[in-house]
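Participant: Sharing model_32.txt (compact mmCIF, C-alpha atoms and all ligand atoms) below.
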```txt
# COMPACT_ATOMS: atom_id res chain seq x y z
CA MET A 290 -10.59 -9.92 14.37
CA LYS A 291 -8.28 -11.79 12.00
CA ILE A 292 -8.30 -11.04 8.29
CA LEU A 293 -6.74 -12.98 5.43
CA VAL A 294 -6.08 -11.09 2.20
CA ILE A 295 -5.48 -13.23 -0.89
CA GLY A 296 -3.04 -12.01 -3.53
CA GLY A 297 0.33 -10.34 -3.67
CA GLY A 298 0.16 -7.30 -5.93
CA GLY A 299 -0.20 -3.57 -5.54
CA ARG A 300 -3.95 -3.88 -5.07
CA GLU A 301 -3.46 -6.30 -2.18
CA HIS A 302 -0.75 -4.15 -0.57
CA THR A 303 -3.21 -1.25 -0.65
CA LEU A 304 -6.02 -3.38 0.79
CA VAL A 305 -3.75 -4.62 3.59
CA TRP A 306 -2.61 -1.04 4.30
CA LYS A 307 -6.21 0.20 4.50
CA ILE A 308 -7.40 -2.78 6.56
CA SER A 309 -4.46 -2.32 8.96
CA GLN A 310 -5.88 1.09 9.97
CA SER A 311 -9.11 -0.43 11.24
CA PRO A 312 -9.52 -0.58 15.02
CA LEU A 313 -11.49 -3.80 14.49
CA VAL A 314 -8.45 -5.73 13.28
CA ASP A 315 -5.90 -7.54 15.47
CA LYS A 316 -4.09 -9.59 12.89
CA ILE A 317 -3.71 -9.61 9.11
CA TYR A 318 -2.41 -12.50 7.02
CA CYS A 319 -1.68 -12.23 3.32
CA ALA A 320 -1.21 -15.14 0.91
CA PRO A 321 1.24 -14.97 -0.73
CA GLY A 322 1.87 -11.24 -0.10
CA ASN A 323 5.10 -9.44 -1.04
CA PRO A 324 7.94 -7.62 0.77
CA GLY A 325 5.91 -4.39 1.10
CA ILE A 326 2.93 -6.25 2.54
CA ALA A 327 5.27 -8.05 4.96
CA GLU A 328 5.70 -4.77 6.86
CA LEU A 329 1.99 -4.77 7.74
CA ALA A 330 0.86 -8.40 7.66
CA GLU A 331 2.13 -11.90 8.16
CA CYS A 332 2.80 -13.26 4.70
CA VAL A 333 1.89 -16.91 4.20
CA HIS A 334 3.57 -19.04 1.52
CA ILE A 335 0.39 -20.15 -0.22
CA GLY A 336 -0.42 -19.09 -3.77
CA ALA A 337 -3.62 -17.18 -4.51
CA GLU A 338 -4.93 -20.13 -6.56
CA GLU A 339 -4.17 -22.90 -4.03
CA ILE A 340 -7.72 -22.89 -2.75
CA ASP A 341 -7.60 -26.06 -0.62
CA ALA A 342 -4.45 -24.91 1.17
CA LEU A 343 -5.98 -21.45 1.71
CA LEU A 344 -9.10 -23.02 3.21
CA ASP A 345 -7.05 -25.23 5.54
CA PHE A 346 -5.06 -22.19 6.64
CA ALA A 347 -8.13 -20.01 7.26
CA LYS A 348 -9.72 -22.78 9.33
CA ALA A 349 -6.58 -23.53 11.33
CA GLU A 350 -5.96 -19.84 12.15
CA GLN A 351 -9.65 -19.14 12.75
CA VAL A 352 -9.67 -16.30 10.26
CA ASP A 353 -12.79 -14.15 10.66
CA LEU A 354 -12.88 -12.66 7.18
CA THR A 355 -11.08 -13.48 3.93
CA VAL A 356 -10.74 -10.80 1.25
CA VAL A 357 -9.96 -11.95 -2.31
CA GLY A 358 -7.88 -9.58 -4.45
CA PRO A 359 -7.43 -11.20 -7.90
CA GLU A 360 -10.02 -12.61 -10.32
CA VAL A 361 -8.66 -16.10 -10.92
CA PRO A 362 -9.47 -17.60 -7.49
CA LEU A 363 -12.93 -15.99 -7.76
CA THR A 364 -13.64 -17.65 -11.11
CA MET A 365 -12.30 -20.92 -9.65
CA GLY A 366 -14.98 -20.75 -6.96
CA ILE A 367 -13.01 -19.86 -3.82
CA VAL A 368 -16.03 -18.03 -2.39
CA ASP A 369 -18.32 -21.05 -2.80
CA ILE A 370 -15.75 -23.30 -1.14
CA PHE A 371 -15.14 -20.99 1.86
CA GLN A 372 -18.86 -20.38 2.33
CA ALA A 373 -19.60 -24.09 2.23
CA ALA A 374 -17.11 -24.45 5.09
CA GLY A 375 -18.94 -21.74 7.04
CA LEU A 376 -16.26 -19.07 6.56
CA GLU A 377 -16.92 -15.42 5.79
CA ILE A 378 -15.36 -14.26 2.53
CA PHE A 379 -15.53 -11.04 0.50
CA GLY A 380 -16.05 -11.47 -3.24
CA PRO A 381 -18.52 -12.90 -5.76
CA ASP A 382 -19.16 -16.64 -5.98
CA LYS A 383 -18.21 -18.68 -9.02
CA ALA A 384 -21.46 -18.13 -10.88
CA ALA A 385 -21.39 -14.35 -10.33
CA ALA A 386 -17.67 -14.06 -11.15
CA GLN A 387 -18.59 -15.02 -14.73
CA ILE A 388 -19.32 -11.32 -15.11
CA GLU A 389 -15.54 -11.03 -15.56
CA GLY A 390 -14.77 -14.64 -16.49
CA SER A 391 -16.93 -14.74 -19.63
CA LYS A 392 -17.35 -11.83 -22.04
CA LYS A 393 -20.38 -13.57 -23.55
CA PHE A 394 -22.01 -13.87 -20.11
CA SER A 395 -21.52 -10.17 -19.42
CA LYS A 396 -22.63 -9.02 -22.88
CA ASP A 397 -25.78 -11.17 -22.68
CA LEU A 398 -26.53 -9.73 -19.22
CA MET A 399 -26.22 -6.19 -20.55
CA ALA A 400 -28.44 -6.99 -23.53
CA ARG A 401 -31.10 -8.55 -21.29
CA TYR A 402 -31.26 -5.55 -18.95
CA ASN A 403 -30.72 -2.74 -21.47
CA ILE A 404 -27.42 -1.69 -19.95
CA PRO A 405 -25.64 0.61 -22.42
CA THR A 406 -22.72 -1.07 -24.19
CA ALA A 407 -21.30 -1.71 -27.66
CA ALA A 408 -23.35 -3.77 -30.13
CA TYR A 409 -21.92 -7.30 -30.38
CA GLN A 410 -22.28 -10.90 -31.43
CA SER A 411 -20.60 -13.98 -30.04
CA PHE A 412 -19.27 -16.87 -32.10
CA SER A 413 -17.95 -20.34 -31.51
CA ASP A 414 -17.56 -20.91 -35.26
CA HIS A 415 -14.49 -19.39 -36.92
CA ALA A 416 -16.00 -18.94 -40.39
CA GLN A 417 -19.04 -17.13 -39.00
CA ALA A 418 -16.82 -14.83 -36.96
CA VAL A 419 -14.81 -13.92 -40.07
CA ALA A 420 -17.98 -13.35 -42.11
CA TYR A 421 -19.31 -11.02 -39.40
CA ILE A 422 -16.10 -8.98 -39.44
CA ARG A 423 -16.31 -8.65 -43.25
CA GLU A 424 -19.93 -7.53 -42.94
CA GLN A 425 -19.32 -5.00 -40.15
CA GLY A 426 -16.00 -3.56 -41.32
CA ALA A 427 -13.33 -1.87 -39.18
CA PRO A 428 -12.52 -0.51 -36.65
CA ILE A 429 -13.89 -3.42 -34.67
CA VAL A 430 -13.02 -5.15 -31.40
CA VAL A 431 -12.31 -8.88 -30.97
CA LYS A 432 -12.44 -10.41 -27.48
CA ALA A 433 -11.57 -13.93 -26.35
CA ASP A 434 -14.52 -15.12 -24.26
CA GLY A 435 -12.57 -16.27 -21.20
CA LEU A 436 -9.85 -14.87 -18.93
CA ALA A 437 -6.63 -14.09 -20.79
CA ALA A 438 -4.65 -12.12 -18.20
CA GLY A 439 -5.79 -8.83 -19.70
CA LYS A 440 -4.48 -9.70 -23.19
CA GLY A 441 -7.61 -11.16 -24.78
CA VAL A 442 -8.94 -7.92 -26.28
CA ILE A 443 -7.79 -6.75 -29.71
CA VAL A 444 -8.90 -3.33 -30.89
CA ALA A 445 -8.51 -3.82 -34.65
CA MET A 446 -8.18 -0.83 -36.94
CA THR A 447 -8.52 -2.94 -40.11
CA GLU A 448 -10.58 -5.99 -41.07
CA ASP A 449 -7.37 -7.95 -41.66
CA GLN A 450 -6.15 -7.24 -38.12
CA ALA A 451 -9.49 -8.38 -36.73
CA ILE A 452 -9.40 -11.58 -38.75
CA ALA A 453 -5.81 -12.25 -37.71
CA ALA A 454 -6.99 -11.86 -34.08
CA VAL A 455 -9.81 -14.35 -34.62
CA ASP A 456 -7.31 -16.76 -36.23
CA ASP A 457 -4.97 -16.42 -33.25
CA ILE A 458 -7.70 -16.87 -30.68
CA MET A 459 -9.81 -19.58 -32.34
CA LEU A 460 -7.41 -21.50 -34.58
CA ASN A 461 -3.99 -21.01 -32.95
CA GLN A 462 -5.56 -21.01 -29.47
CA VAL A 463 -3.06 -18.48 -28.13
CA PHE A 464 -5.24 -18.06 -25.02
CA GLY A 465 -6.06 -21.78 -24.73
CA ASP A 466 -9.63 -22.58 -23.70
CA ALA A 467 -10.36 -18.89 -23.13
CA GLY A 468 -10.58 -18.60 -26.91
CA ALA A 469 -13.08 -21.37 -27.63
CA SER A 470 -15.50 -18.59 -28.43
CA VAL A 471 -15.14 -14.90 -29.21
CA VAL A 472 -17.19 -11.77 -28.78
CA ILE A 473 -16.93 -9.31 -31.66
CA GLU A 474 -18.15 -5.84 -30.89
CA GLU A 475 -18.52 -2.34 -32.14
CA PHE A 476 -15.56 -0.01 -31.59
CA MET A 477 -16.46 2.73 -29.12
CA ASP A 478 -14.55 5.97 -28.96
CA GLY A 479 -14.55 8.36 -26.03
CA GLU A 480 -12.79 8.66 -22.70
CA GLU A 481 -12.45 5.67 -20.37
CA ALA A 482 -13.20 5.75 -16.65
CA SER A 483 -13.37 3.10 -13.95
CA PHE A 484 -16.33 2.88 -11.61
CA PHE A 485 -16.52 0.74 -8.48
CA ALA A 486 -19.33 -0.19 -6.12
CA PHE A 487 -19.42 -2.39 -3.06
CA THR A 488 -22.50 -4.59 -2.99
CA ASP A 489 -24.07 -7.36 -0.95
CA GLY A 490 -26.09 -8.58 -3.93
CA LYS A 491 -28.99 -6.19 -3.30
CA ASN A 492 -27.70 -2.89 -1.91
CA ILE A 493 -24.93 -0.88 -3.50
CA LEU A 494 -22.35 1.49 -2.06
CA PRO A 495 -20.57 3.33 -4.89
CA LEU A 496 -17.00 4.57 -4.54
CA ALA A 497 -15.47 7.83 -5.74
CA SER A 498 -14.61 8.15 -9.43
CA SER A 499 -11.24 7.12 -10.85
CA GLN A 500 -9.38 6.63 -14.09
CA ASP A 501 -6.37 4.61 -15.09
CA HIS A 502 -3.80 4.99 -17.84
CA LYS A 503 -3.73 1.72 -19.76
CA ARG A 504 -1.12 2.47 -22.41
CA LEU A 505 2.56 1.89 -21.74
CA ASN A 506 3.96 5.25 -22.82
CA ASP A 507 3.33 8.97 -22.44
CA ASN A 508 0.48 10.49 -24.48
CA ASP A 509 -1.35 7.15 -24.38
CA GLU A 510 1.01 5.57 -26.87
CA GLY A 511 2.35 2.01 -27.02
CA PRO A 512 0.65 -1.26 -26.09
CA ASN A 513 -2.09 -1.79 -23.51
CA THR A 514 -0.89 -2.83 -20.04
CA GLY A 515 -2.57 -3.76 -16.78
CA GLY A 516 -2.44 -0.03 -15.96
CA MET A 517 0.51 2.38 -15.72
CA GLY A 518 -1.07 4.77 -13.26
CA ALA A 519 -4.39 5.98 -11.92
CA TYR A 520 -6.00 8.89 -10.16
CA SER A 521 -9.09 9.81 -8.21
CA PRO A 522 -11.32 11.74 -8.51
CA ALA A 523 -11.73 11.69 -12.31
CA PRO A 524 -13.08 15.05 -13.51
CA VAL A 525 -14.71 13.41 -16.57
CA VAL A 526 -17.20 11.89 -14.11
CA THR A 527 -19.25 14.93 -13.13
CA ASP A 528 -21.78 14.65 -10.29
CA GLU A 529 -24.52 14.33 -12.88
CA LEU A 530 -22.72 11.59 -14.79
CA TYR A 531 -21.95 9.78 -11.52
CA GLN A 532 -25.68 9.46 -10.87
CA VAL A 533 -26.35 8.35 -14.46
CA ILE A 534 -23.74 5.59 -14.04
CA VAL A 535 -25.31 4.43 -10.78
CA ASP A 536 -28.85 4.46 -12.22
CA THR A 537 -28.28 3.11 -15.74
CA VAL A 538 -25.34 0.77 -15.18
CA VAL A 539 -24.58 -0.25 -11.60
CA LYS A 540 -28.11 -0.73 -10.26
CA PRO A 541 -29.47 -2.60 -13.30
CA THR A 542 -26.38 -4.84 -13.26
CA ILE A 543 -26.80 -5.83 -9.61
CA ASP A 544 -30.59 -6.13 -9.92
CA GLY A 545 -30.22 -8.14 -13.13
CA MET A 546 -27.78 -10.57 -11.58
CA ALA A 547 -30.17 -11.10 -8.65
CA GLU A 548 -33.11 -11.50 -11.03
CA ASP A 549 -31.16 -14.16 -12.93
CA GLY A 550 -30.67 -16.12 -9.70
CA CYS A 551 -26.99 -15.23 -9.67
CA PRO A 552 -26.63 -12.45 -7.08
CA TYR A 553 -23.32 -10.60 -7.17
CA SER A 554 -21.62 -9.59 -3.94
CA GLY A 555 -18.20 -8.04 -3.37
CA ILE A 556 -16.89 -5.12 -5.37
CA LEU A 557 -18.10 -4.57 -8.90
CA TYR A 558 -15.65 -2.88 -11.27
CA VAL A 559 -17.22 -1.31 -14.34
CA GLY A 560 -14.95 -0.14 -17.14
CA LEU A 561 -16.75 2.64 -18.98
CA MET A 562 -16.38 4.55 -22.22
CA ILE A 563 -17.76 8.07 -21.94
CA LYS A 564 -18.80 10.02 -25.00
CA ASP A 565 -20.77 13.29 -24.93
CA GLY A 566 -21.64 12.70 -21.28
CA ASN A 567 -23.08 9.23 -21.91
CA PRO A 568 -21.51 6.14 -20.33
CA ARG A 569 -21.31 2.74 -22.04
CA VAL A 570 -19.84 -0.40 -20.49
CA VAL A 571 -16.55 -1.67 -21.91
CA GLU A 572 -16.26 -4.55 -19.46
CA TYR A 573 -16.92 -5.70 -15.93
CA ASN A 574 -14.39 -7.04 -13.48
CA ALA A 575 -15.20 -8.98 -10.33
CA ARG A 576 -12.57 -7.29 -8.16
CA PHE A 577 -10.84 -4.05 -7.30
CA GLY A 578 -8.86 -2.37 -10.07
CA ASP A 579 -5.12 -2.32 -9.97
CA PRO A 580 -3.84 0.43 -9.82
CA GLU A 581 -7.17 2.22 -9.24
CA ALA A 582 -7.35 0.74 -5.72
CA GLN A 583 -4.21 2.68 -4.76
CA PRO A 584 -5.57 6.23 -5.20
CA LEU A 585 -9.11 5.25 -4.18
CA LEU A 586 -8.16 3.66 -0.88
CA MET A 587 -5.72 6.46 -0.06
CA ARG A 588 -8.66 8.86 -0.34
CA MET A 589 -11.08 6.68 1.63
CA LYS A 590 -11.68 8.00 5.14
CA SER A 591 -14.27 5.46 6.33
CA ASP A 592 -13.16 2.19 7.86
CA ILE A 593 -13.21 -0.40 5.08
CA VAL A 594 -13.58 -3.45 7.33
CA PRO A 595 -17.28 -3.04 8.27
CA VAL A 596 -18.05 -2.57 4.56
CA LEU A 597 -16.19 -5.74 3.53
CA GLN A 598 -17.88 -7.66 6.32
CA ALA A 599 -21.36 -6.37 5.47
CA CYS A 600 -20.92 -7.35 1.81
CA ALA A 601 -19.74 -10.82 2.82
CA ARG A 602 -22.74 -11.19 5.15
CA GLY A 603 -25.31 -9.93 2.66
CA ASP A 604 -26.22 -7.05 4.94
CA LEU A 605 -24.89 -3.80 3.50
CA GLN A 606 -26.85 -0.99 5.17
CA GLN A 607 -24.24 1.77 4.92
CA ASP A 608 -25.29 4.25 2.26
CA SER A 609 -22.22 6.42 1.89
CA ILE A 610 -18.46 6.41 2.27
CA ASP A 611 -16.51 9.34 3.72
CA TRP A 612 -13.68 10.53 1.49
CA TYR A 613 -10.82 12.88 2.18
CA ASP A 614 -11.45 15.99 0.15
CA LYS A 615 -8.17 15.43 -1.66
CA ALA A 616 -6.88 13.99 -4.90
CA ALA A 617 -4.65 10.95 -5.18
CA VAL A 618 -2.39 9.90 -8.02
CA CYS A 619 -0.57 6.58 -8.45
CA VAL A 620 2.42 6.26 -10.78
CA VAL A 621 3.38 2.69 -11.64
CA LEU A 622 7.08 1.86 -11.90
CA ALA A 623 7.50 -1.08 -14.26
CA SER A 624 10.34 -3.34 -15.34
CA GLY A 625 11.94 -2.17 -18.61
CA GLY A 626 10.51 -4.37 -21.38
CA TYR A 627 7.08 -4.90 -19.76
CA PRO A 628 4.47 -5.91 -21.01
CA ALA A 629 6.81 -8.18 -23.03
CA ALA A 630 9.82 -9.99 -21.51
CA TYR A 631 11.95 -8.16 -18.92
CA GLU A 632 14.96 -8.80 -16.72
CA LYS A 633 14.21 -9.76 -13.10
CA GLY A 634 16.21 -9.64 -9.88
CA LEU A 635 17.53 -6.08 -10.24
CA PRO A 636 18.09 -4.35 -6.87
CA ILE A 637 15.80 -1.39 -6.14
CA SER A 638 17.19 1.66 -4.31
CA GLY A 639 15.50 4.64 -2.66
CA LEU A 640 12.53 2.88 -1.04
CA ASP A 641 13.39 4.21 2.42
CA ALA A 642 13.83 7.75 1.17
CA ALA A 643 10.48 7.61 -0.66
CA ALA A 644 8.74 6.27 2.45
CA GLU A 645 9.82 9.39 4.35
CA ILE A 646 8.02 11.80 2.03
CA GLU A 647 4.83 13.00 3.63
CA ASP A 648 1.58 11.93 1.90
CA VAL A 649 3.42 9.43 -0.31
CA MET A 650 2.89 5.68 -0.14
CA VAL A 651 4.95 3.17 -2.07
CA PHE A 652 2.80 0.11 -2.71
CA HIS A 653 4.68 -3.00 -3.77
CA ALA A 654 3.38 -5.03 -6.72
CA GLY A 655 6.10 -7.12 -8.35
CA THR A 656 8.94 -7.13 -5.81
CA THR A 657 10.71 -9.94 -4.02
CA LEU A 658 13.66 -10.40 -1.67
CA LYS A 659 16.98 -11.67 -3.02
CA ASP A 660 20.03 -11.91 -0.76
CA GLY A 661 18.33 -9.56 1.69
CA ARG A 662 17.61 -6.87 -0.92
CA ILE A 663 14.36 -5.89 -2.56
CA VAL A 664 14.51 -6.61 -6.29
CA ASN A 665 12.07 -6.44 -9.23
CA GLN A 666 10.19 -9.65 -9.96
CA GLY A 667 7.01 -8.73 -11.87
CA GLY A 668 6.15 -6.44 -14.77
CA ARG A 669 4.53 -3.76 -12.66
CA VAL A 670 6.84 -3.39 -9.67
CA LEU A 671 5.76 -0.44 -7.50
CA GLY A 672 2.84 1.97 -7.30
CA VAL A 673 4.03 5.30 -5.95
CA THR A 674 0.93 7.10 -4.74
CA GLY A 675 0.66 10.71 -3.63
CA LEU A 676 -2.16 12.51 -1.84
CA GLY A 677 -2.62 16.27 -2.31
CA ASP A 678 -5.16 19.06 -2.06
CA THR A 679 -5.48 19.17 -5.84
CA VAL A 680 -4.64 16.82 -8.69
CA ARG A 681 -1.58 19.00 -9.39
CA ASP A 682 -0.37 18.59 -5.78
CA ALA A 683 -1.00 14.85 -5.84
CA ILE A 684 0.94 14.51 -9.12
CA ASP A 685 3.87 16.46 -7.62
CA LYS A 686 3.82 14.27 -4.51
CA ALA A 687 3.77 11.03 -6.46
CA TYR A 688 6.60 12.11 -8.77
CA ALA A 689 8.66 13.33 -5.78
CA GLY A 690 8.50 9.70 -4.61
CA VAL A 691 9.25 8.35 -8.08
CA LYS A 692 12.35 10.56 -8.36
CA VAL A 693 14.16 8.97 -5.42
CA ILE A 694 13.50 5.34 -6.44
CA HIS A 695 15.73 3.65 -8.95
CA TRP A 696 16.70 0.38 -10.55
CA ASP A 697 18.24 -0.61 -13.85
CA LYS A 698 15.84 -0.12 -16.80
CA VAL A 699 12.92 1.14 -14.66
CA HIS A 700 10.11 2.43 -16.87
CA TYR A 701 7.28 4.77 -15.95
CA ARG A 702 5.04 7.36 -17.54
CA HIS A 703 5.70 11.05 -16.95
CA ASP A 704 2.16 12.22 -17.60
CA ILE A 705 -0.02 10.36 -15.10
CA GLY A 706 -2.91 12.62 -14.14
CA ALA A 707 -2.32 15.01 -17.03
CA ARG A 708 -5.69 14.14 -18.54
CA ALA A 709 -7.36 15.35 -15.34
CA LEU A 710 -5.37 18.61 -15.40
CA ASN A 711 -6.36 19.27 -19.00
CA ARG A 712 -10.03 19.41 -18.08
P1 LIG B 1 -10.89 -5.08 -21.53
O1 LIG B 1 -9.88 -6.18 -21.30
O2 LIG B 1 -12.24 -5.53 -21.91
O3 LIG B 1 -10.78 -4.02 -20.46
O4 LIG B 1 -10.35 -4.28 -22.79
C1 LIG B 1 -9.07 -3.70 -22.76
C2 LIG B 1 -9.13 -2.36 -23.41
O5 LIG B 1 -9.54 -2.48 -24.76
C3 LIG B 1 -10.14 -1.41 -22.79
O6 LIG B 1 -9.66 -0.77 -21.66
C4 LIG B 1 -10.36 -0.45 -23.93
O7 LIG B 1 -9.32 0.49 -23.99
C5 LIG B 1 -10.28 -1.34 -25.13
N1 LIG B 1 -11.63 -1.75 -25.56
C6 LIG B 1 -12.33 -2.84 -25.19
N2 LIG B 1 -13.54 -2.89 -25.80
C7 LIG B 1 -13.59 -1.80 -26.60
C8 LIG B 1 -14.57 -1.29 -27.52
N3 LIG B 1 -15.73 -1.91 -27.75
N4 LIG B 1 -14.27 -0.14 -28.15
C9 LIG B 1 -13.10 0.49 -27.97
N5 LIG B 1 -12.14 0.06 -27.13
C10 LIG B 1 -12.38 -1.07 -26.46
N1 LIG B 2 -6.58 -1.26 -14.04
C1 LIG B 2 -7.12 -2.30 -14.81
C2 LIG B 2 -7.50 -3.51 -14.07
O1 LIG B 2 -7.40 -3.60 -12.86
O2 LIG B 2 -7.95 -4.44 -14.71
```
The structure in this file should be written as structure tokens.

Facilitator:
Amino acid sequence: MKILVIGGGGREHTLVWKISQSPLVDKIYCAPGNPGIAELAECVHIGAEEIDALLDFAKAEQVDLTVVGPEVPLTMGIVDIFQAAGLEIFGPDKAAAQIEGSKKFSKDLMARYNIPTAAYQSFSDHAQAVAYIREQGAPIVVKADGLAAGKGVIVAMTEDQAIAAVDDIMLNQVFGDAGASVVIEEFMDGEEASFFAFTDGKNILPLASSQDHKRLNDNDEGPNTGGMGAYSPAPVVTDELYQVIVDTVVKPTIDGMAEDGCPYSGILYVGLMIKDGNPRVVEYNARFGDPEAQPLLMRMKSDIVPVLQACARGDLQQDSIDWYDKAAVCVVLASGGYPAAYEKGLPISGLDAAAEIEDVMVFHAGTTLKDGRIVNQGGRVLGVTGLGDTVRDAIDKAYAGVKVIHWDKVHYRHDIGARALNR
């Protein structure tokens, strides 16, 4: 069969890599892809948000299954458009993608179905939002309702910070329309974990546990990023907690969406805060995590293609996934300066040497070709992922890969996976 993967980051490189191992697949296209993906798939020069052009391409090439990586095309309704044209596509439709696209939508869903999460209120009036912050006090969390490229959440330690955030979002419109309304919620402390489940809208197939490192610098210091590294399994998610998450979060979410006439299919990403063994939802995403996909898919033994296809068809019968009994750790190499401005076009060395290390994969995220050389282009550039018998081994593998790769001003954390070792 022919598969089209949409996107061009580390998550999509990992998906393409995993899909390429399936005996069911003859040909993989990726739009737009990146230089790492180009080694495994035919990259097509169509952006992930150019939905009409993607549809024309999928029809012309008779693509059997399209797999959507990023959230924006999902919230734009790519799934509805492909399905209307009779094409199979993996991911939630526009209505269901609101679970990520609107914080208010997801908070209201959780309230309706008693899914554990932080107490909240949503506001479209600035003065009321400010009054609520004064009443509740700090710490408190302010969230722009819509998509803001991962920057729309402000964890405020003082009331003044929270009010400044509301001013920025609602008055200064720093996130544009995404800030027409805000959700203001209780600050939760605890340890974060990421939980994923494949679903066809009715049945669920949960993945192994994982965790990412959101802060830029070692010891969880510095600003939030898209994720500086990830590992699987996550020891904080014990077998008992895993079942609690499935029963009290994942199942009620999928059942609730169906009950509301808005069934969710694809992969559901639940961001959790865990305190004293109890999970609460921080947020949902309508897609795979990046970088969590890197360690998760390196550990996945089962063929992913029948799962993707079954979700797209609404016929997910498989009730478990086989995993390698190993740990995987992904260290993100970022451009110096990220998540703020950074210099682009710097040549990257050592990729061939890293590729030769056994049980190490270098997934490309923000790379491009310039004068025949691979250079940095995005904030997060590479995801060096190691597989090992233990978390310690996987950490050593990943950092062995990191050590041989270099470019000017490369930035990475030195403590990815340390939280798992400390347990
Ligand atoms: P989100 O974009 O919703 O994932 O939020 C980004 C980050 O903000 C999360 O990964 C958490 O670290 C933090 N965060 C979001 N909501 C809360 C909350 N209610 N309490 C504490 N931290 C939060
Ligand atoms: N790792 C965070 C995300 O994918 O949103």

Participant: Could you build a table of the residues in chain A lying no more than 9 Å from ligand LIG 2 (chain B), giving for each the nearest pair of atoms and their separation in Å rounded to one decimal place, using only C-alpha atoms and all ligand atoms, ordered by chain and ascending residue number, as JSON lines?

Facilitator:
```
{"residue": "A:Arg300", "atom": "CA", "partner": "B:LIG2", "partner_atom": "O1", "distance": 8.5}
{"residue": "A:Gly439", "atom": "CA", "partner": "B:LIG2", "partner_atom": "O2", "distance": 7.0}
{"residue": "A:Ser483", "atom": "CA", "partner": "B:LIG2", "partner_atom": "N1", "distance": 8.1}
{"residue": "A:Gln500", "atom": "CA", "partner": "B:LIG2", "partner_atom": "N1", "distance": 8.4}
{"residue": "A:Asp501", "atom": "CA", "partner": "B:LIG2", "partner_atom": "N1", "distance": 6.0}
{"residue": "A:His502", "atom": "CA", "partner": "B:LIG2", "partner_atom": "N1", "distance": 7.8}
{"residue": "A:Lys503", "atom": "CA", "partner": "B:LIG2", "partner_atom": "N1", "distance": 7.1}
{"residue": "A:Thr514", "atom": "CA", "partner": "B:LIG2", "partner_atom": "C1", "distance": 8.2}
{"residue": "A:Gly515", "atom": "CA", "partner": "B:LIG2", "partner_atom": "C1", "distance": 5.2}
{"residue": "A:Gly516", "atom": "CA", "partner": "B:LIG2", "partner_atom": "N1", "distance": 4.7}
{"residue": "A:Met517", "atom": "CA", "partner": "B:LIG2", "partner_atom": "N1", "distance": 8.1}
{"residue": "A:Gly518", "atom": "CA", "partner": "B:LIG2", "partner_atom": "N1", "distance": 8.2}
{"residue": "A:Ala519", "atom": "CA", "partner": "B:LIG2", "partner_atom": "N1", "distance": 7.9}
{"residue": "A:Tyr558", "atom": "CA", "partner": "B:LIG2", "partner_atom": "O1", "distance": 8.4}
{"residue": "A:Gly560", "atom": "CA", "partner": "B:LIG2", "partner_atom": "C1", "distance": 8.5}
{"residue": "A:Asn574", "atom": "CA", "partner": "B:LIG2", "partner_atom": "O2", "distance": 7.1}
{"residue": "A:Arg576", "atom": "CA", "partner": "B:LIG2", "partner_atom": "O1", "distance": 7.9}
{"residue": "A:Phe577", "atom": "CA", "partner": "B:LIG2", "partner_atom": "O1", "distance": 6.6}
{"residue": "A:Gly578", "atom": "CA", "partner": "B:LIG2", "partner_atom": "O1", "distance": 3.4}
{"residue": "A:Asp579", "atom": "CA", "partner": "B:LIG2", "partner_atom": "O1", "distance": 3.9}
{"residue": "A:Pro580", "atom": "CA", "partner": "B:LIG2", "partner_atom": "N1", "distance": 5.3}
{"residue": "A:Glu581", "atom": "CA", "partner": "B:LIG2", "partner_atom": "N1", "distance": 6.0}
{"residue": "A:Ala582", "atom": "CA", "partner": "B:LIG2", "partner_atom": "O1", "distance": 8.4}
```

Participant: Show which residues sit within 6 Å of range 349-363 of chain A, as a list of chain:residue names. Count all atoms listed in the file, and ignore same-chain residues fewer than 3 positions away.

Facilitator: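 Answer for this query is A:Lys291, A:Ile292, A:Leu293, A:Val294, A:Ile295, A:Gly296, A:Glu301, A:Glu338, A:Phe346, A:Gly366, A:Ile367, A:Glu377, A:Ile378, A:Phe379.
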
Participant: Just the selected residues (C-alpha atoms), exported as a tab-separated table (two decimals), keeping the file's coordinate frame, please.

Facilitator:
```tsv
chain	number	residue	atom	x	y	z
A	291	LYS	CA	-8.28	-11.79	12.00
A	292	ILE	CA	-8.30	-11.04	8.29
A	293	LEU	CA	-6.74	-12.98	5.43
A	294	VAL	CA	-6.08	-11.09	2.20
A	295	ILE	CA	-5.48	-13.23	-0.89
A	296	GLY	CA	-3.04	-12.01	-3.53
A	301	GLU	CA	-3.46	-6.30	-2.18
A	338	GLU	CA	-4.93	-20.13	-6.56
A	346	PHE	CA	-5.06	-22.19	6.64
A	366	GLY	CA	-14.98	-20.75	-6.96
A	367	ILE	CA	-13.01	-19.86	-3.82
A	377	GLU	CA	-16.92	-15.42	5.79
A	378	ILE	CA	-15.36	-14.26	2.53
A	379	PHE	CA	-15.53	-11.04	0.50
```

Participant: Please identify all protein, DNA and RNA residues within 10 Å of ligand LIG 1 (chain B), counting all atoms listed in the file, and report them as number ranges by chain.

Facilitator: A: 389, 392, 406-409, 428-433, 436-445, 473-483, 501-504, 513-516, 559-562, 569-574

Participant: Smallest atom-to-atom distance to Gly690 in chain A: which of A:Ala707, A:Ile646, A:Ala629, A:Val535, using only C-alpha atoms?

Facilitator: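 Of all the options, A:Ile646 lies closest to Gly690 in chain A.
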
Participant: From the list A:Gly465, A:Gly626, A:Pro595, A:Gly490, which residue is nearest Cys551 in chain A when using all atoms listed in the file?

Facilitator: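 Among the listed residues, the smallest separation from Cys551 in chain A belongs to A:Gly490.
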